[in-house]
Amino acid sequence: MRDYVIITDSTSDLTHDLINELGITVIPMEFNVGDKSYLNYSDEREITYKEFYDLLRNGESSSTSLINTATFIDLFESALKEGKDVLYMGFSSGLSGTYNSSCIAAQTLQEKYPDSKIYTVDTLSASMGEGLLVYHAATRKNSGMNIDDLRDWVEDNKLKLCHWFTVDDLHHLKKGGRVSATAAFLGTMLNIKPVLHVDNEGHLIPVEKVRGRKISITTLLKMMEKTAIKPEEQTIFISHGDSLEEAEFLANLVREKLNVKDIKMNYIGPVIGSHSGPGTIALFFLGTER
C-alpha cells in the first residue's frame, strides 16, 4: 500500500500539538486586519489568537481570503513527488470557494501523475467540526486504513459531524449577512443570543433564539443530548472566540451530563473568528444527524 498524506486547512482550528501528533499537513489561510495581512498558522507565529480578538474588540475589522489553486498545486505536488498519494479534506464549500480551488488543482495534477491518487473531500464542515472529522480520519490512517477506505469513511460520516454555535455579539453575524441590521440592533438591546448550526449543505444556519448568555450555552448541550451517538465513547471538541472560561463551563456540563470519553478545546482561529467574532462558543460531536 502506498503511503499517503492528509491535508486540511487552518479553518479546522486544530491545536499545534494535535496537528503534530496526528501527522497531518495544514494549509494556513490568509486574513486581513485593517491594512495588514496575516497567515493563520497553528503556532500563532504571525499573530496570537488573543491579539487578534483584542483587535476585534477594539473595533478593527477582519476579512478573509480563500486558498488559491496555485497554493494547492504546490502543496499536493510536493507529496506526489515523494511518491505519496493525497487526501485533502477541505473547508465547507457552503462557506468558501477554497474547496473548488482544490478540485481544480487535483484535476490538473492527475494528468501529470496518472498513477497517483489525489482525492478531495468537501467536509461541509467548519472550525473544530472540520477539525474533528480530520481527527477521526487521521486516527484511522494511523491505525492502517488505506486511502480509498478512508475517503469512503469520511464521505459516509461527514453528515454525522454536528456543529452547534452561539455568538455573543450579533455585529459580526450582521456584517456577514447572517442577520439583518434591525435584528442585530434589537437582539443586542434585548440580550438575544442566537443558536446556530452547520447544515447538510455546509451553510451556517440560525436555529433558535434565546435570551441570555448562560441559556445559550446550555442550549448547545441540549442539542447534543438529542442526537449524540454513544457520547461515553466519544472525544468531542469545543472551540471558543477568546472565551475560555465559558468554554470550560460548557465542557463541565457535557462531562457531567453525558460522561464523554475526552474533550479537546482550542480557540476559534482568525479565519472563522473574522465572521463569528469574540465570545463565540462552539460544540462538535458525532450524532445521528446534523
# chains A, B, ... in the order shown; residues from 1 in each chain; ligands from 1

$ select_by_dssp --residues "range 17-206 of chain A" --states "helix (DSSP H, G or I)" --output "PyMOL selection string"
chain A and resi 17-22+49-57+69-81+98-112+127-142+147-160+170-175+181-189

$ residues_around --residues "Ile47 in chain A" --least-positions-apart "5" --cutoff "12 Å" --atoms "only C-alpha atoms" --output "PyMOL selection string"
chain A and resi 30-33+36-42+52-55+269-270

$ residues_around --residues "Ile192 in chain A" --least-positions-apart "6" --cutoff "7 Å" --atoms "only C-alpha atoms" --output "PyMOL selection string"
chain A and resi 209-212

$ write_last_selection --atoms "N, CA, C and O atoms" --output "compact mmCIF listing (two decimals), in the first residue's frame"
# COMPACT_ATOMS: atom_id res chain seq x y z
N LYS A 209 -33.41 31.27 18.96
CA LYS A 209 -33.01 32.49 19.66
C LYS A 209 -33.39 32.34 21.13
O LYS A 209 -34.52 31.99 21.45
N VAL A 210 -32.43 32.59 21.99
CA VAL A 210 -32.70 32.50 23.43
C VAL A 210 -32.24 33.80 24.07
O VAL A 210 -31.43 34.55 23.51
N ARG A 211 -32.74 34.05 25.25
CA ARG A 211 -32.38 35.29 25.95
C ARG A 211 -31.37 34.97 27.05
O ARG A 211 -31.67 34.21 27.97
N GLY A 212 -30.19 35.54 26.91
CA GLY A 212 -29.18 35.37 27.95
C GLY A 212 -28.06 34.44 27.52
O GLY A 212 -28.27 33.43 26.85

$ select_by_dssp --residues "range 88-142 of chain A" --states "strand (DSSP E or B)" --output "number ranges by chain"
A: 88-90, 118-122

$ residues_around --residues "range 253-268 of chain A" --least-positions-apart "2" --cutoff "9 Å" --atoms "only C-alpha atoms" --output "PyMOL selection string"
chain A and resi 11-15+49-50+127-128+218+221+224-225+230-244+247-251+270-273+276+280-282
